[in-house]
>>> print(open('my_file_3.tsv').read())   # TSV, C-alpha atoms
chain	number	residue	atom	x	y	z
A	25	ALA	CA	0.00	0.00	0.00
A	26	GLN	CA	1.16	3.50	-0.72
A	27	ARG	CA	2.10	5.43	2.34
A	28	VAL	CA	3.50	8.72	3.49
A	29	THR	CA	5.27	8.83	6.83
A	30	GLN	CA	6.04	11.90	8.85
A	31	PRO	CA	7.84	10.50	11.86
A	32	GLU	CA	7.64	13.62	14.04
A	33	LYS	CA	4.25	14.73	15.31
A	34	LEU	CA	5.79	17.71	17.08
A	35	LEU	CA	8.95	19.66	16.36
A	36	SER	CA	10.24	22.68	18.26
A	37	VAL	CA	13.05	24.79	16.89
A	38	PHE	CA	14.61	28.05	18.08
A	39	LYS	CA	14.24	31.11	15.90
A	40	GLY	CA	17.21	31.38	13.59
A	41	ALA	CA	18.04	27.69	13.80
A	42	PRO	CA	17.76	25.33	10.82
A	43	VAL	CA	14.54	23.41	10.31
A	44	GLU	CA	14.09	19.97	8.80
A	45	LEU	CA	10.70	18.30	8.60
A	46	LYS	CA	11.00	14.68	7.59
A	47	CYS	CA	8.85	12.88	5.05
A	48	ASN	CA	9.33	9.36	3.77
A	49	TYR	CA	7.18	7.61	1.23
A	50	SER	CA	6.65	4.20	-0.22
A	51	TYR	CA	5.30	4.06	-3.75
A	52	SER	CA	5.91	1.70	-6.61
A	53	GLY	CA	5.33	4.27	-9.34
A	54	SER	CA	6.99	7.55	-10.20
A	55	PRO	CA	6.28	9.80	-7.22
A	56	GLU	CA	4.96	13.31	-7.23
A	57	LEU	CA	5.32	14.94	-3.84
A	58	PHE	CA	3.99	18.06	-2.22
A	59	TRP	CA	4.18	19.94	1.05
A	60	TYR	CA	1.00	21.56	2.34
A	61	VAL	CA	0.89	23.91	5.32
A	62	GLN	CA	-1.81	25.09	7.69
A	63	TYR	CA	-1.13	28.23	9.71
A	64	SER	CA	-3.17	28.95	12.81
A	65	ARG	CA	-6.79	29.77	11.93
A	66	GLN	CA	-6.06	29.52	8.22
A	67	ARG	CA	-6.87	26.94	5.58
A	68	LEU	CA	-4.66	24.17	4.39
A	69	GLN	CA	-2.62	25.48	1.46
A	70	LEU	CA	0.07	24.30	-0.89
A	71	LEU	CA	3.59	25.26	0.14
A	72	LEU	CA	5.63	23.63	-2.60
A	73	ARG	CA	5.84	20.69	-4.98
A	74	HIS	CA	8.89	18.76	-5.97
A	75	ILE	CA	8.46	19.19	-9.72
A	76	SER	CA	8.74	22.97	-9.35
A	77	ARG	CA	12.09	22.77	-7.59
A	78	GLU	CA	11.41	26.18	-6.11
A	79	SER	CA	12.00	27.84	-2.77
A	80	ILE	CA	8.89	29.19	-1.07
A	81	LYS	CA	9.19	31.34	2.08
A	82	GLY	CA	12.76	30.10	2.33
A	83	PHE	CA	11.71	26.43	2.34
A	84	THR	CA	13.08	23.86	-0.08
A	85	ALA	CA	12.50	20.15	-0.47
A	86	ASP	CA	14.48	17.69	-2.52
A	87	LEU	CA	13.11	14.40	-3.70
A	88	ASN	CA	15.57	11.63	-2.89
A	89	LYS	CA	14.38	8.51	-4.70
A	90	GLY	CA	17.16	6.38	-3.26
A	91	GLU	CA	16.10	7.14	0.29
A	92	THR	CA	12.41	7.61	-0.68
A	93	SER	CA	12.38	10.90	1.15
A	94	PHE	CA	11.12	14.43	0.57
A	95	HIS	CA	12.31	16.36	3.60
A	96	LEU	CA	11.38	20.02	3.98
A	97	LYS	CA	14.21	22.33	4.97
A	98	LYS	CA	14.82	25.93	5.88
A	99	PRO	CA	18.20	27.28	6.97
A	100	PHE	CA	16.94	29.89	9.44
A	101	ALA	CA	13.58	29.45	11.15
A	102	GLN	CA	11.26	32.40	11.64
A	103	GLU	CA	8.42	32.73	14.12
A	104	GLU	CA	5.86	32.90	11.32
A	105	ASP	CA	6.90	29.38	10.26
A	106	SER	CA	5.00	27.93	13.20
A	107	ALA	CA	2.28	25.80	11.61
A	108	MET	CA	1.12	22.30	10.80
A	109	TYR	CA	2.96	20.78	7.85
A	110	TYR	CA	1.70	17.89	5.74
A	111	CYS	CA	3.63	15.90	3.19
A	112	ALA	CA	1.51	14.49	0.36
A	113	LEU	CA	2.08	11.94	-2.37
A	114	ARG	CA	0.15	11.93	-5.60
A	115	GLU	CA	-0.85	8.43	-6.48
A	116	THR	CA	-1.64	7.65	-10.10
A	117	GLY	CA	-3.62	4.85	-11.64
A	118	PHE	CA	-6.96	4.41	-13.31
A	119	GLY	CA	-9.70	5.52	-10.95
A	120	ASN	CA	-7.20	5.92	-8.17
A	121	GLU	CA	-5.56	9.26	-8.71
A	122	LYS	CA	-5.46	11.11	-5.45
A	123	LEU	CA	-3.35	12.82	-2.86
A	124	THR	CA	-2.29	10.71	0.10
A	125	PHE	CA	-1.31	12.82	3.08
A	126	GLY	CA	0.99	12.09	5.96
A	127	THR	CA	-0.31	12.64	9.47
A	128	GLY	CA	1.45	15.97	9.74
A	129	THR	CA	4.11	17.64	11.88
A	130	ARG	CA	3.34	20.56	14.11
A	131	LEU	CA	6.28	22.95	13.96
A	132	THR	CA	6.73	25.46	16.77
A	133	ILE	CA	9.36	28.16	16.50
A	134	ILE	CA	10.62	29.26	19.89
A	135	PRO	CA	11.40	33.01	20.03
B	15	LYS	CA	-11.65	35.53	-6.40
B	16	ALA	CA	-13.78	33.97	-3.68
B	17	GLY	CA	-12.31	30.92	-2.02
B	18	VAL	CA	-13.82	27.50	-1.48
B	19	THR	CA	-16.85	27.65	0.77
B	20	GLN	CA	-18.36	24.86	2.82
B	21	THR	CA	-21.71	24.73	4.56
B	22	PRO	CA	-22.60	24.23	7.27
B	23	ARG	CA	-19.48	24.91	9.31
B	24	TYR	CA	-20.66	22.88	12.28
B	25	LEU	CA	-23.12	20.03	12.56
B	26	ILE	CA	-24.29	17.82	15.40
B	27	LYS	CA	-26.12	14.60	14.59
B	28	THR	CA	-27.01	11.39	16.37
B	29	ARG	CA	-26.13	7.86	15.42
B	30	GLY	CA	-28.23	6.44	12.63
B	31	GLN	CA	-29.08	9.79	11.10
B	32	GLN	CA	-27.85	10.96	7.75
B	33	VAL	CA	-26.13	14.20	6.83
B	34	THR	CA	-25.42	16.23	3.71
B	35	LEU	CA	-22.48	18.60	3.45
B	36	SER	CA	-22.02	21.16	0.70
B	37	CYS	CA	-18.96	22.56	-1.03
B	38	SER	CA	-18.77	25.42	-3.52
B	39	PRO	CA	-15.49	25.47	-5.42
B	40	ILE	CA	-13.54	28.42	-6.72
B	41	SER	CA	-15.12	29.79	-9.86
B	42	GLY	CA	-13.78	27.94	-12.89
B	43	HIS	CA	-12.62	24.92	-10.93
B	44	ARG	CA	-14.23	21.70	-12.11
B	45	SER	CA	-12.65	19.30	-9.63
B	46	VAL	CA	-13.88	18.88	-6.08
B	47	SER	CA	-12.22	16.44	-3.70
B	48	TRP	CA	-13.44	15.48	-0.26
B	49	TYR	CA	-11.29	14.51	2.71
B	50	GLN	CA	-11.99	13.33	6.23
B	51	GLN	CA	-9.64	14.70	8.88
B	52	THR	CA	-9.36	13.09	12.31
B	53	PRO	CA	-6.66	13.36	14.99
B	54	GLY	CA	-5.78	9.69	14.70
B	55	GLN	CA	-5.88	9.15	10.93
B	56	GLY	CA	-5.04	12.59	9.63
B	57	LEU	CA	-6.36	13.55	6.20
B	58	GLN	CA	-7.95	10.71	4.30
B	59	PHE	CA	-9.22	10.96	0.75
B	60	LEU	CA	-12.90	10.19	0.28
B	61	PHE	CA	-13.59	10.85	-3.39
B	62	GLU	CA	-13.21	13.33	-6.20
B	63	TYR	CA	-15.69	14.68	-8.69
B	64	PHE	CA	-14.81	16.30	-11.97
B	65	SER	CA	-17.39	17.65	-14.39
B	66	GLU	CA	-20.20	15.88	-12.52
B	67	THR	CA	-18.49	12.47	-12.64
B	68	GLN	CA	-16.81	10.64	-9.81
B	69	ARG	CA	-13.24	10.24	-10.98
B	70	ASN	CA	-11.47	8.76	-7.99
B	71	LYS	CA	-12.49	7.06	-4.80
B	72	GLY	CA	-10.82	6.32	-1.48
B	73	ASN	CA	-11.36	3.40	0.86
B	74	PHE	CA	-14.51	4.41	2.63
B	75	PRO	CA	-17.73	2.38	2.99
B	76	GLY	CA	-20.69	2.91	0.73
B	77	ARG	CA	-22.39	5.02	3.42
B	78	PHE	CA	-20.26	7.84	2.12
B	79	SER	CA	-21.43	9.16	-1.21
B	80	GLY	CA	-21.30	12.35	-3.17
B	81	ARG	CA	-22.38	14.15	-6.25
B	82	GLN	CA	-21.50	17.18	-8.26
B	83	PHE	CA	-23.80	19.57	-10.02
B	84	SER	CA	-23.42	21.32	-13.35
B	85	ASN	CA	-22.17	24.47	-11.60
B	86	SER	CA	-19.40	22.33	-10.00
B	87	ARG	CA	-20.87	22.61	-6.52
B	88	SER	CA	-20.59	19.31	-4.72
B	89	GLU	CA	-22.42	17.58	-1.92
B	90	MET	CA	-21.29	14.76	0.28
B	91	ASN	CA	-23.77	12.51	2.03
B	92	VAL	CA	-23.18	10.16	4.93
B	93	SER	CA	-25.97	7.77	5.79
B	94	THR	CA	-26.49	5.79	8.97
B	95	LEU	CA	-24.04	7.87	10.94
B	96	GLU	CA	-21.66	6.18	13.36
B	97	LEU	CA	-19.73	7.69	16.26
B	98	GLY	CA	-16.53	7.20	14.29
B	99	ASP	CA	-17.76	9.53	11.57
B	100	SER	CA	-17.12	12.48	13.85
B	101	ALA	CA	-14.47	14.47	12.02
B	102	LEU	CA	-13.61	17.60	10.11
B	103	TYR	CA	-14.67	17.18	6.50
B	104	LEU	CA	-12.65	19.21	4.05
B	105	CYS	CA	-13.29	19.82	0.43
B	106	ALA	CA	-10.75	21.09	-2.04
B	107	SER	CA	-11.16	22.41	-5.55
B	108	SER	CA	-8.75	22.40	-8.44
B	109	THR	CA	-8.61	23.08	-12.14
B	110	THR	CA	-7.67	19.49	-12.96
B	111	SER	CA	-8.44	16.12	-11.47
B	112	GLY	CA	-6.21	13.65	-9.71
B	113	GLY	CA	-4.24	16.07	-7.55
B	114	THR	CA	-1.98	17.23	-10.37
B	115	ASN	CA	-2.51	20.91	-9.78
B	116	GLU	CA	-2.77	22.80	-6.54
B	117	GLN	CA	-5.79	21.97	-4.45
B	118	PHE	CA	-7.49	24.88	-2.72
B	119	PHE	CA	-9.08	23.86	0.54
B	120	GLY	CA	-12.22	25.08	2.20
B	121	PRO	CA	-12.54	25.81	5.93
B	122	GLY	CA	-14.19	22.46	6.61
B	123	THR	CA	-17.38	21.22	8.21
B	124	ARG	CA	-17.01	19.93	11.74
B	125	LEU	CA	-19.36	16.97	12.18
B	126	THR	CA	-20.06	15.61	15.63
B	127	VAL	CA	-22.00	12.38	15.97
B	128	LEU	CA	-23.53	11.71	19.38
>>> encode(input="my_file_3.tsv", output="structure tokens")
Amino acid sequence: AQRVTQPEKLLSVFKGAPVELKCNYSYSGSPELFWYVQYSRQRLQLLLRHISRESIKGFTADLNKGETSFHLKKPFAQEEDSAMYYCALRETGFGNEKLTFGTGTRLTIIP
Amino acid sequence: KAGVTQTPRYLIKTRGQQVTLSCSPISGHRSVSWYQQTPGQGLQFLFEYFSETQRNKGNFPGRFSGRQFSNSRSEMNVSTLELGDSALYLCASSTTSGGTNEQFFGPGTRLTVL
């Protein structure tokens, strides 16, 4: 079965310190991966996707097929980064195309 | 552009009842996906509708059903409610089906089953 694993439910990091949110996946096909974020009292929204290879709000994520990982990183954490982060895998297949989400990591930035 | 709207925002039902939730997508979006969010299971995909047709389906029992209208608005119905159906139900709209493009989420409907 396809699965997305975010091993940390909670992560606390000091402001200015590096951040790494872990995401591992298992998928037999060619993976498409995303990071979604939910800030306090806001809606779930797309942060970035691996095919774009872009940096959003200082965050980057590299797809490592050998390690089946898609960790989210930021070199210097800011207080506004505190949020819930979800890693998602797009599964493909007839009648079964969908996003499978991990259970999420709550990131708290300590001032 | 108005965002995805969901009604009602909160709902309390008792076991055995049925419930209908509504989702209005962003104008021009033809795909609507539904998710169930619970503390234990996280976000789980229910189904997706695109141009009034169910395109994809998750692993939920037949008590969970949906439909989409010609204006792309979608409804989700849960029959014979169980305590375990208590959850936040999110819908998301997109321009394409299958999660290819960004999904825009609504605020959710919080369903409590007593």
>>> residues_near_point(input="my_file_3.tsv", point="(-1.3, 19.9, 14.6)", cutoff="9 Å", atoms="all atoms listed in the file", output="PyMOL selection string")
(chain A and resi 33-34+62+107-109+127-131) or (chain B and resi 53)
>>> residues_around(input="my_file_3.tsv", residues="stretch 42-45 of chain B", least_positions_apart="2", cutoff="12 Å", atoms="only C-alpha atoms", output="NGL selection string")
(:A and (122)) or (:B and (15-18 or 37-40 or 47-48 or 61-70 or 81-88 or 105-119))
>>> closest_residue(input="my_file_3.tsv", among="A:Pro135, A:Gly82, A:Gly90, A:Pro55", to="chain B", atoms="all atoms listed in the file")
A:Pro55
>>> atom_distance(input="my_file_3.tsv", atom1="atom CA of A:Arg27", atom2="atom CA of A:Asp105")
25.7 Å
>>> atom_distance(input="my_file_3.tsv", atom1="atom CA of B:Leu102", atom2="atom CA of B:Glu89")
14.9 Å
>>> closest_atom_pairs(input="my_file_3.tsv", of="chain A", to="chain B", cutoff="7 Å", atoms="all atoms listed in the file", output="Markdown table")
| residue | atom | partner | partner_atom | distance |
| --- | --- | --- | --- | --- |
| A:Arg67 | CA | B:Pro121 | CA | 5.8 |
| A:Leu68 | CA | B:Phe119 | CA | 5.9 |
| A:Gln69 | CA | B:Phe118 | CA | 6.4 |
| A:Leu70 | CA | B:Glu116 | CA | 6.5 |
| A:Arg114 | CA | B:Gly113 | CA | 6.3 |
| A:Gly119 | CA | B:Asn70 | CA | 4.7 |
| A:Asn120 | CA | B:Asn70 | CA | 5.1 |
| A:Glu121 | CA | B:Gly112 | CA | 4.5 |
| A:Lys122 | CA | B:Gly112 | CA | 5.0 |
| A:Leu123 | CA | B:Gly113 | CA | 5.8 |
| A:Thr124 | CA | B:Phe59 | CA | 7.0 |
| A:Phe125 | CA | B:Leu57 | CA | 6.0 |
| A:Thr127 | CA | B:Gly56 | CA | 4.7 |
>>> atom_distance(input="my_file_3.tsv", atom1="atom CA of A:Leu72", atom2="atom CA of B:Arg124")
27.1 Å
>>> decode(input="my_file_3.tsv", residues="stretch 25-120 of chain A", atoms="C-alpha atoms", output="PDB file, in the first residue's frame")
ATOM      1  CA  ALA A  25       0.000   0.000   0.000  1.00  0.00           C
ATOM      2  CA  GLN A  26       1.158   3.498  -0.716  1.00  0.00           C
ATOM      3  CA  ARG A  27       2.105   5.432   2.338  1.00  0.00           C
ATOM      4  CA  VAL A  28       3.496   8.725   3.485  1.00  0.00           C
ATOM      5  CA  THR A  29       5.269   8.829   6.826  1.00  0.00           C
ATOM      6  CA  GLN A  30       6.036  11.903   8.851  1.00  0.00           C
ATOM      7  CA  PRO A  31       7.842  10.503  11.861  1.00  0.00           C
ATOM      8  CA  GLU A  32       7.641  13.619  14.035  1.00  0.00           C
ATOM      9  CA  LYS A  33       4.251  14.731  15.313  1.00  0.00           C
ATOM     10  CA  LEU A  34       5.794  17.711  17.081  1.00  0.00           C
ATOM     11  CA  LEU A  35       8.952  19.665  16.363  1.00  0.00           C
ATOM     12  CA  SER A  36      10.236  22.683  18.261  1.00  0.00           C
ATOM     13  CA  VAL A  37      13.054  24.793  16.893  1.00  0.00           C
ATOM     14  CA  PHE A  38      14.607  28.055  18.084  1.00  0.00           C
ATOM     15  CA  LYS A  39      14.241  31.106  15.903  1.00  0.00           C
ATOM     16  CA  GLY A  40      17.213  31.385  13.593  1.00  0.00           C
ATOM     17  CA  ALA A  41      18.044  27.691  13.803  1.00  0.00           C
ATOM     18  CA  PRO A  42      17.761  25.328  10.821  1.00  0.00           C
ATOM     19  CA  VAL A  43      14.538  23.407  10.314  1.00  0.00           C
ATOM     20  CA  GLU A  44      14.088  19.974   8.803  1.00  0.00           C
ATOM     21  CA  LEU A  45      10.700  18.299   8.598  1.00  0.00           C
ATOM     22  CA  LYS A  46      10.995  14.684   7.590  1.00  0.00           C
ATOM     23  CA  CYS A  47       8.850  12.876   5.050  1.00  0.00           C
ATOM     24  CA  ASN A  48       9.334   9.362   3.774  1.00  0.00           C
ATOM     25  CA  TYR A  49       7.178   7.614   1.234  1.00  0.00           C
ATOM     26  CA  SER A  50       6.648   4.204  -0.218  1.00  0.00           C
ATOM     27  CA  TYR A  51       5.303   4.057  -3.750  1.00  0.00           C
ATOM     28  CA  SER A  52       5.907   1.695  -6.615  1.00  0.00           C
ATOM     29  CA  GLY A  53       5.326   4.272  -9.336  1.00  0.00           C
ATOM     30  CA  SER A  54       6.987   7.548 -10.203  1.00  0.00           C
ATOM     31  CA  PRO A  55       6.277   9.795  -7.221  1.00  0.00           C
ATOM     32  CA  GLU A  56       4.960  13.310  -7.226  1.00  0.00           C
ATOM     33  CA  LEU A  57       5.319  14.945  -3.839  1.00  0.00           C
ATOM     34  CA  PHE A  58       3.987  18.063  -2.220  1.00  0.00           C
ATOM     35  CA  TRP A  59       4.181  19.942   1.045  1.00  0.00           C
ATOM     36  CA  TYR A  60       0.996  21.557   2.338  1.00  0.00           C
ATOM     37  CA  VAL A  61       0.893  23.912   5.325  1.00  0.00           C
ATOM     38  CA  GLN A  62      -1.807  25.091   7.689  1.00  0.00           C
ATOM     39  CA  TYR A  63      -1.135  28.229   9.705  1.00  0.00           C
ATOM     40  CA  SER A  64      -3.169  28.950  12.810  1.00  0.00           C
ATOM     41  CA  ARG A  65      -6.787  29.774  11.928  1.00  0.00           C
ATOM     42  CA  GLN A  66      -6.062  29.516   8.222  1.00  0.00           C
ATOM     43  CA  ARG A  67      -6.869  26.944   5.583  1.00  0.00           C
ATOM     44  CA  LEU A  68      -4.660  24.173   4.393  1.00  0.00           C
ATOM     45  CA  GLN A  69      -2.619  25.476   1.461  1.00  0.00           C
ATOM     46  CA  LEU A  70       0.072  24.305  -0.891  1.00  0.00           C
ATOM     47  CA  LEU A  71       3.592  25.258   0.142  1.00  0.00           C
ATOM     48  CA  LEU A  72       5.629  23.627  -2.602  1.00  0.00           C
ATOM     49  CA  ARG A  73       5.837  20.691  -4.976  1.00  0.00           C
ATOM     50  CA  HIS A  74       8.893  18.760  -5.972  1.00  0.00           C
ATOM     51  CA  ILE A  75       8.465  19.194  -9.722  1.00  0.00           C
ATOM     52  CA  SER A  76       8.742  22.970  -9.352  1.00  0.00           C
ATOM     53  CA  ARG A  77      12.091  22.771  -7.588  1.00  0.00           C
ATOM     54  CA  GLU A  78      11.414  26.177  -6.115  1.00  0.00           C
ATOM     55  CA  SER A  79      11.995  27.843  -2.771  1.00  0.00           C
ATOM     56  CA  ILE A  80       8.890  29.190  -1.070  1.00  0.00           C
ATOM     57  CA  LYS A  81       9.190  31.344   2.076  1.00  0.00           C
ATOM     58  CA  GLY A  82      12.764  30.097   2.335  1.00  0.00           C
ATOM     59  CA  PHE A  83      11.715  26.434   2.336  1.00  0.00           C
ATOM     60  CA  THR A  84      13.080  23.855  -0.075  1.00  0.00           C
ATOM     61  CA  ALA A  85      12.495  20.146  -0.469  1.00  0.00           C
ATOM     62  CA  ASP A  86      14.482  17.695  -2.517  1.00  0.00           C
ATOM     63  CA  LEU A  87      13.111  14.402  -3.703  1.00  0.00           C
ATOM     64  CA  ASN A  88      15.572  11.628  -2.890  1.00  0.00           C
ATOM     65  CA  LYS A  89      14.385   8.514  -4.702  1.00  0.00           C
ATOM     66  CA  GLY A  90      17.163   6.380  -3.259  1.00  0.00           C
ATOM     67  CA  GLU A  91      16.104   7.140   0.290  1.00  0.00           C
ATOM     68  CA  THR A  92      12.415   7.613  -0.684  1.00  0.00           C
ATOM     69  CA  SER A  93      12.375  10.898   1.152  1.00  0.00           C
ATOM     70  CA  PHE A  94      11.118  14.425   0.575  1.00  0.00           C
ATOM     71  CA  HIS A  95      12.311  16.355   3.602  1.00  0.00           C
ATOM     72  CA  LEU A  96      11.382  20.015   3.980  1.00  0.00           C
ATOM     73  CA  LYS A  97      14.211  22.330   4.971  1.00  0.00           C
ATOM     74  CA  LYS A  98      14.815  25.931   5.877  1.00  0.00           C
ATOM     75  CA  PRO A  99      18.202  27.279   6.967  1.00  0.00           C
ATOM     76  CA  PHE A 100      16.936  29.892   9.437  1.00  0.00           C
ATOM     77  CA  ALA A 101      13.581  29.454  11.152  1.00  0.00           C
ATOM     78  CA  GLN A 102      11.259  32.402  11.637  1.00  0.00           C
ATOM     79  CA  GLU A 103       8.424  32.732  14.124  1.00  0.00           C
ATOM     80  CA  GLU A 104       5.858  32.897  11.323  1.00  0.00           C
ATOM     81  CA  ASP A 105       6.901  29.382  10.257  1.00  0.00           C
ATOM     82  CA  SER A 106       4.996  27.925  13.204  1.00  0.00           C
ATOM     83  CA  ALA A 107       2.279  25.804  11.613  1.00  0.00           C
ATOM     84  CA  MET A 108       1.117  22.301  10.795  1.00  0.00           C
ATOM     85  CA  TYR A 109       2.958  20.781   7.849  1.00  0.00           C
ATOM     86  CA  TYR A 110       1.700  17.885   5.742  1.00  0.00           C
ATOM     87  CA  CYS A 111       3.627  15.905   3.195  1.00  0.00           C
ATOM     88  CA  ALA A 112       1.512  14.492   0.360  1.00  0.00           C
ATOM     89  CA  LEU A 113       2.081  11.935  -2.370  1.00  0.00           C
ATOM     90  CA  ARG A 114       0.145  11.931  -5.597  1.00  0.00           C
ATOM     91  CA  GLU A 115      -0.847   8.430  -6.482  1.00  0.00           C
ATOM     92  CA  THR A 116      -1.635   7.655 -10.101  1.00  0.00           C
ATOM     93  CA  GLY A 117      -3.624   4.852 -11.636  1.00  0.00           C
ATOM     94  CA  PHE A 118      -6.959   4.410 -13.311  1.00  0.00           C
ATOM     95  CA  GLY A 119      -9.701   5.524 -10.947  1.00  0.00           C
ATOM     96  CA  ASN A 120      -7.205   5.916  -8.172  1.00  0.00           C
TER      97      ASN A 120
END
